[in-house]
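Participant: I am sharing protein-v1.cif, which consists of mmCIF, C-alpha atoms:
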data_final
loop_
_atom_site.label_atom_id
_atom_site.label_comp_id
_atom_site.auth_asym_id
_atom_site.auth_seq_id
_atom_site.Cartn_x
_atom_site.Cartn_y
_atom_site.Cartn_z
CA MET A 82 -4.52 12.33 -23.54
CA ASP A 83 -7.98 11.69 -24.91
CA ALA A 84 -10.87 10.88 -22.58
CA GLU A 85 -11.39 7.37 -23.99
CA LYS A 86 -7.77 6.32 -23.41
CA LEU A 87 -7.85 7.84 -19.90
CA ALA A 88 -11.09 6.02 -19.06
CA ASP A 89 -9.60 2.76 -20.34
CA LEU A 90 -6.51 3.18 -18.16
CA PHE A 91 -8.69 3.97 -15.16
CA ARG A 92 -10.80 0.82 -15.73
CA LYS A 93 -7.66 -1.30 -16.04
CA TYR A 94 -5.50 0.19 -13.28
CA GLY A 95 -7.65 2.41 -11.05
CA ASP A 96 -8.10 -0.31 -8.42
CA ASP A 97 -4.37 -1.05 -8.39
CA VAL A 98 -3.51 2.62 -7.88
CA PHE A 99 -6.12 2.94 -5.13
CA ARG A 100 -4.93 -0.19 -3.29
CA LEU A 101 -1.31 0.99 -3.31
CA ALA A 102 -2.33 4.43 -2.02
CA TYR A 103 -4.58 2.84 0.60
CA SER A 104 -1.79 0.54 1.76
CA TYR A 105 0.57 3.51 2.08
CA LEU A 106 -1.78 5.94 3.77
CA GLY A 107 -3.96 3.62 5.82
CA ASN A 108 -7.39 5.02 5.06
CA ARG A 109 -9.85 4.90 2.21
CA ALA A 110 -10.45 8.64 1.74
CA ASP A 111 -6.75 9.46 1.37
CA GLY A 112 -6.31 6.50 -0.99
CA GLU A 113 -9.17 7.77 -3.15
CA ASP A 114 -7.68 11.29 -3.19
CA VAL A 115 -4.29 10.01 -4.35
CA CYS A 116 -5.91 7.80 -6.98
CA GLN A 117 -7.86 10.78 -8.31
CA SER A 118 -4.74 12.96 -8.30
CA VAL A 119 -2.78 10.39 -10.30
CA PHE A 120 -5.39 10.22 -13.04
CA LEU A 121 -5.86 14.02 -13.05
CA LYS A 122 -2.12 14.37 -13.53
CA LEU A 123 -2.36 12.00 -16.47
CA ALA A 124 -5.35 13.90 -17.88
CA GLU A 125 -3.33 17.15 -17.93
CA GLY A 126 -1.54 15.70 -20.94
CA LYS A 127 1.99 16.61 -19.89
CA THR A 128 2.96 12.96 -19.47
CA VAL A 129 3.81 10.56 -22.29
CA LEU A 130 3.25 6.95 -21.28
CA LEU A 131 5.38 4.27 -22.85
CA PRO A 132 3.33 1.37 -24.24
CA GLY A 133 3.37 -1.53 -21.80
CA ARG A 134 4.64 0.67 -18.94
CA GLU A 135 1.38 2.41 -18.09
CA LYS A 136 0.75 0.53 -14.85
CA SER A 137 4.30 1.05 -13.67
CA TRP A 138 4.07 4.82 -14.28
CA LEU A 139 0.71 5.04 -12.51
CA LEU A 140 1.98 3.13 -9.46
CA THR A 141 5.21 5.16 -9.36
CA CYS A 142 3.23 8.38 -9.49
CA ALA A 143 0.91 7.10 -6.72
CA ALA A 144 3.85 6.08 -4.53
CA ASN A 145 5.45 9.51 -4.97
CA LEU A 146 2.21 11.32 -4.09
CA CYS A 147 1.79 9.12 -1.02
CA LYS A 148 5.34 9.84 0.14
CA SER A 149 4.71 13.57 -0.27
CA GLN A 150 1.49 13.31 1.67
CA LEU A 151 3.16 11.36 4.48
CA ARG A 152 5.79 14.12 4.78
CA SER A 153 3.22 16.90 4.83
CA PHE A 154 2.64 18.96 7.97
CA TRP A 155 -1.11 18.36 7.78
CA ARG A 156 -0.73 14.56 7.68
CA ARG A 157 1.52 14.48 10.71
CA ASN A 158 -0.97 16.50 12.77
CA VAL A 159 -4.28 14.70 12.25
CA GLY A 160 -5.70 11.50 13.67
CA GLU A 161 -6.50 8.37 11.69
CA LEU A 162 -10.05 7.32 10.87
CA ASP A 163 -11.11 3.84 11.92
CA GLU A 164 -11.58 1.76 8.79
CA SER A 165 -13.91 -1.18 9.13
CA LEU A 166 -13.52 -3.49 6.15
CA PRO A 167 -15.37 -6.77 5.76
CA PHE A 168 -13.21 -9.89 6.04
CA ARG A 169 -14.03 -13.54 5.51
CA ASP A 170 -12.71 -14.55 8.90
CA GLN A 171 -10.86 -13.24 11.93
CA SER A 172 -7.40 -14.38 10.72
CA ASP A 173 -7.79 -12.23 7.57
CA ARG A 174 -8.64 -9.25 9.79
CA GLU A 175 -5.63 -9.92 12.03
CA LEU A 176 -3.29 -10.17 9.05
CA TRP A 177 -4.68 -6.94 7.58
CA ASP A 178 -4.32 -5.16 10.93
CA ALA A 179 -0.73 -6.39 11.26
CA VAL A 180 0.16 -5.20 7.75
CA MET A 181 -1.51 -1.83 8.33
CA ALA A 182 0.43 -1.42 11.60
CA LEU A 183 3.71 -1.53 9.67
CA PRO A 184 5.43 1.77 8.91
CA PRO A 185 4.41 3.00 5.41
CA LYS A 186 7.73 2.18 3.75
CA TYR A 187 7.38 -1.48 4.80
CA ARG A 188 3.65 -1.61 4.08
CA ALA A 189 4.29 -0.46 0.50
CA VAL A 190 6.76 -3.21 -0.39
CA ILE A 191 4.54 -5.88 1.18
CA HIS A 192 1.54 -4.59 -0.77
CA LEU A 193 3.36 -4.42 -4.10
CA TYR A 194 4.89 -7.87 -3.65
CA TYR A 195 1.98 -9.88 -2.27
CA TRP A 196 -1.10 -8.07 -3.57
CA GLU A 197 0.14 -6.65 -6.87
CA GLY A 198 2.55 -9.48 -7.72
CA TYR A 199 5.60 -7.36 -8.55
CA GLY A 200 9.12 -8.71 -8.23
CA GLN A 201 11.72 -6.99 -6.10
CA GLY A 202 13.38 -5.29 -9.08
CA GLU A 203 10.07 -3.89 -10.28
CA ILE A 204 9.23 -2.68 -6.77
CA GLY A 205 12.58 -0.90 -6.71
CA ASP A 206 11.72 0.84 -9.98
CA ILE A 207 8.27 1.89 -8.74
CA LEU A 208 9.47 3.16 -5.35
CA LYS A 209 12.80 4.50 -6.66
CA LEU A 210 14.81 2.18 -4.42
CA SER A 211 17.72 -0.16 -5.05
CA ARG A 212 16.95 -3.87 -5.19
CA THR A 213 18.96 -4.26 -1.97
CA ALA A 214 16.81 -1.65 -0.23
CA VAL A 215 13.67 -3.49 -1.34
CA GLN A 216 15.07 -6.79 -0.07
CA THR A 217 15.97 -5.18 3.25
CA ARG A 218 12.52 -3.64 3.66
CA MET A 219 10.85 -6.93 2.75
CA ALA A 220 12.95 -8.83 5.30
CA ARG A 221 12.26 -6.28 8.03
CA ALA A 222 8.55 -6.19 7.24
CA ARG A 223 8.31 -9.97 7.33
CA ASP A 224 10.16 -10.04 10.66
CA MET A 225 7.78 -7.44 12.10
CA LEU A 226 4.76 -9.37 10.82
CA ARG A 227 6.13 -12.67 12.11
CA LYS A 228 6.70 -11.17 15.55
CA GLU A 229 3.31 -9.45 15.64
CA LEU A 230 1.40 -12.50 14.46
CA SER A 231 3.28 -14.91 16.73
CA ASP A 232 2.56 -12.62 19.72
CA ASP A 233 -1.14 -12.78 18.80
CA GLU A 234 -1.00 -16.59 18.62
CA GLN A 235 0.62 -16.72 22.07
CA LEU A 236 -2.15 -14.52 23.46
CA LEU A 237 -4.77 -16.83 21.96
CA ALA A 238 -3.13 -19.83 23.66
CA HIS A 239 -3.88 -18.32 27.07
CA ASP A 240 -7.27 -17.96 28.66
CA GLY A 241 -8.40 -14.70 30.21
CA THR A 242 -6.50 -15.38 33.46
CA GLY A 243 -3.11 -15.56 31.76
CA HIS A 244 -2.83 -19.33 32.33
CA ASN A 245 -2.43 -21.89 29.60
CA GLU A 246 -5.62 -23.77 28.83
#
Do you think you could lay out the structure here as structure tokens?
Facilitator:
Amino acid sequence: MDAEKLADLFRKYGDDVFRLAYSYLGNRADGEDVCQSVFLKLAEGKTVLLPGREKSWLLTCAANLCKSQLRSFWRRNVGELDESLPFRDQSDRELWDAVMALPPKYRAVIHLYYWEGYGQGEIGDILKLSRTAVQTRMARARDMLRKELSDDEQLLAHDGTGHNE
């Protein structure tokens, strides 16, 4: 693949690839590494991208690299870095924290659906899952988020002494 085409794909889809990797792996540095690996793989020239399917291939490749990294011995034996991202308000921070607390397989479907705008069938293609598996993961993720966020709201309804205000 020529450098101009590669640079164009990176400008168009680099942020999308990074955000998916970041949502899977939970920290910026690992997300950047996966993003770089995806585009290096593309630069090797062994891959032929179908017109109109570039983004799907890039996200599929990123998801596969993330899954490999999550299975790696190294990943399972290191601690997470604290990521401090700016948010407009506290509720955005709480939602982000709740999403990031989900297991990676649930975090990925939530990210692809809500942030990238993919439908359940497309998510299945990207993550190599059946549509039913995507629907199941979405339902479980939403239940986990609903429980986590409702627990937070109940805590906010109490003052520091544990009594209702």
Participant: Which residues, named as in the file, does the PyMOL selection byres ((chain A and resi 97) around 12) pick out? Answer as number ranges by chain.
Facilitator: A: 90-96, 98-104, 112-113, 115-116, 119, 135-141, 143-144, 192-193, 196-199
Participant: Hey, can you spit out that residue selection with C-alpha atoms as a PDB file, keeping the file's coordinate frame?
Facilitator:
ATOM      1  CA  LEU A  90      -6.510   3.180 -18.160  1.00  0.00           C
ATOM      2  CA  PHE A  91      -8.690   3.970 -15.160  1.00  0.00           C
ATOM      3  CA  ARG A  92     -10.800   0.820 -15.730  1.00  0.00           C
ATOM      4  CA  LYS A  93      -7.660  -1.300 -16.040  1.00  0.00           C
ATOM      5  CA  TYR A  94      -5.500   0.190 -13.280  1.00  0.00           C
ATOM      6  CA  GLY A  95      -7.650   2.410 -11.050  1.00  0.00           C
ATOM      7  CA  ASP A  96      -8.100  -0.310  -8.420  1.00  0.00           C
ATOM      8  CA  VAL A  98      -3.510   2.620  -7.880  1.00  0.00           C
ATOM      9  CA  PHE A  99      -6.120   2.940  -5.130  1.00  0.00           C
ATOM     10  CA  ARG A 100      -4.930  -0.190  -3.290  1.00  0.00           C
ATOM     11  CA  LEU A 101      -1.310   0.990  -3.310  1.00  0.00           C
ATOM     12  CA  ALA A 102      -2.330   4.430  -2.020  1.00  0.00           C
ATOM     13  CA  TYR A 103      -4.580   2.840   0.600  1.00  0.00           C
ATOM     14  CA  SER A 104      -1.790   0.540   1.760  1.00  0.00           C
ATOM     15  CA  GLY A 112      -6.310   6.500  -0.990  1.00  0.00           C
ATOM     16  CA  GLU A 113      -9.170   7.770  -3.150  1.00  0.00           C
ATOM     17  CA  VAL A 115      -4.290  10.010  -4.350  1.00  0.00           C
ATOM     18  CA  CYS A 116      -5.910   7.800  -6.980  1.00  0.00           C
ATOM     19  CA  VAL A 119      -2.780  10.390 -10.300  1.00  0.00           C
ATOM     20  CA  GLU A 135       1.380   2.410 -18.090  1.00  0.00           C
ATOM     21  CA  LYS A 136       0.750   0.530 -14.850  1.00  0.00           C
ATOM     22  CA  SER A 137       4.300   1.050 -13.670  1.00  0.00           C
ATOM     23  CA  TRP A 138       4.070   4.820 -14.280  1.00  0.00           C
ATOM     24  CA  LEU A 139       0.710   5.040 -12.510  1.00  0.00           C
ATOM     25  CA  LEU A 140       1.980   3.130  -9.460  1.00  0.00           C
ATOM     26  CA  THR A 141       5.210   5.160  -9.360  1.00  0.00           C
ATOM     27  CA  ALA A 143       0.910   7.100  -6.720  1.00  0.00           C
ATOM     28  CA  ALA A 144       3.850   6.080  -4.530  1.00  0.00           C
ATOM     29  CA  HIS A 192       1.540  -4.590  -0.770  1.00  0.00           C
ATOM     30  CA  LEU A 193       3.360  -4.420  -4.100  1.00  0.00           C
ATOM     31  CA  TRP A 196      -1.100  -8.070  -3.570  1.00  0.00           C
ATOM     32  CA  GLU A 197       0.140  -6.650  -6.870  1.00  0.00           C
ATOM     33  CA  GLY A 198       2.550  -9.480  -7.720  1.00  0.00           C
ATOM     34  CA  TYR A 199       5.600  -7.360  -8.550  1.00  0.00           C
TER      35      TYR A 199
END
Participant: With distances taken over all atoms listed in the file, which of A:Val129, A:Ala182, A:Leu146, A:Ile204 is nearest to A:Asp114?
Facilitator: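 Distance minimum relative to A:Asp114 lands on A:Leu146.
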Participant: To one decimal place in Å, what is the distance between atom CA of A:Gly205 and atom CA of A:Glu175?
Facilitator: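 Atom CA of A:Glu175 lies 27.6 Å from atom CA of A:Gly205.
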Participant: Report, in Å with one decimal, the straight-line distance from atom CA of A:Ile191 to atom CA of A:Ala220.
Facilitator: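 Separating atom CA of A:Ile191 from atom CA of A:Ala220 is a distance of 9.8 Å.
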Participant: Using all atoms listed in the file, can you tell me which of A:Leu230, A:Thr213, A:Ala222, A:Gln201 comes closest to A:Asp173?
Facilitator: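 Ranked by minimum distance to A:Asp173, first place goes to A:Leu230.
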Participant: Give the padded box for stretch 96-110 of chain A as AutoDock Vina command-line options: axis-aligned, covering all atoms listed in the file, 4 Å on each side, centre and edge lengths in Å to one decimal.
Facilitator:
--center_x -4.9 --center_y 3.8 --center_z -1.3 --size_x 19.0 --size_y 17.7 --size_z 22.2
Participant: Rounded to one decimal place, report the atom CA of A:Leu130-atom CA of A:Ser149 distance in Å.
Facilitator: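 Atom CA of A:Ser149 lies at a distance of 22.1 Å from atom CA of A:Leu130.
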Participant: Show which residues sit within 12 Å of A:Arg221, as an NGL selection string. Count only C-alpha atoms, and ignore same-chain residues fewer than 3 positions away.
Facilitator: :A and (183-184 or 186-188 or 190-191 or 214-218 or 224-228)
Participant: Of the candidates A:Ser153, A:Ser231, A:Cys142, A:Lys86, which shows the shortest atom-to-atom distance to A:Ser118, using all atoms listed in the file?
Facilitator: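 The answer is A:Cys142, which sits nearest to A:Ser118.
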Participant: At a cut-off of 7 Å from (2.7, 7.1, 7.5) in the coordinates of the file, what residues are picked up using all atoms listed in the file, written as a list in words?
Facilitator: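 Output: Tyr105, Leu106, Leu151, Pro184 and Pro185 of chain A.
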Participant: Keeping C-alpha atoms for every residue in the selection just given, could you write it to a file as a PDB file, in the frame of the given file?
Facilitator:
ATOM      1  CA  TYR A 105       0.570   3.510   2.080  1.00  0.00           C
ATOM      2  CA  LEU A 106      -1.780   5.940   3.770  1.00  0.00           C
ATOM      3  CA  LEU A 151       3.160  11.360   4.480  1.00  0.00           C
ATOM      4  CA  PRO A 184       5.430   1.770   8.910  1.00  0.00           C
ATOM      5  CA  PRO A 185       4.410   3.000   5.410  1.00  0.00           C
TER       6      PRO A 185
END
Participant: Measuring atom to atom with all atoms listed in the file, identify which of A:Ala189, A:Trp177, A:Tyr194, A:Ala110 is nearest to A:Asn145.
Facilitator: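 Ranking A:Ala189, A:Trp177, A:Tyr194, A:Ala110 by distance to A:Asn145, first place goes to A:Ala189.
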Participant: Give the answer as one residue: which of A:Lys209, A:Arg109, A:Lys148, A:Leu87 has the shortest atom-to-atom distance to A:Leu121, using all atoms listed in the file?
Facilitator: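 The shortest atom-to-atom distance to A:Leu121 comes from A:Leu87.
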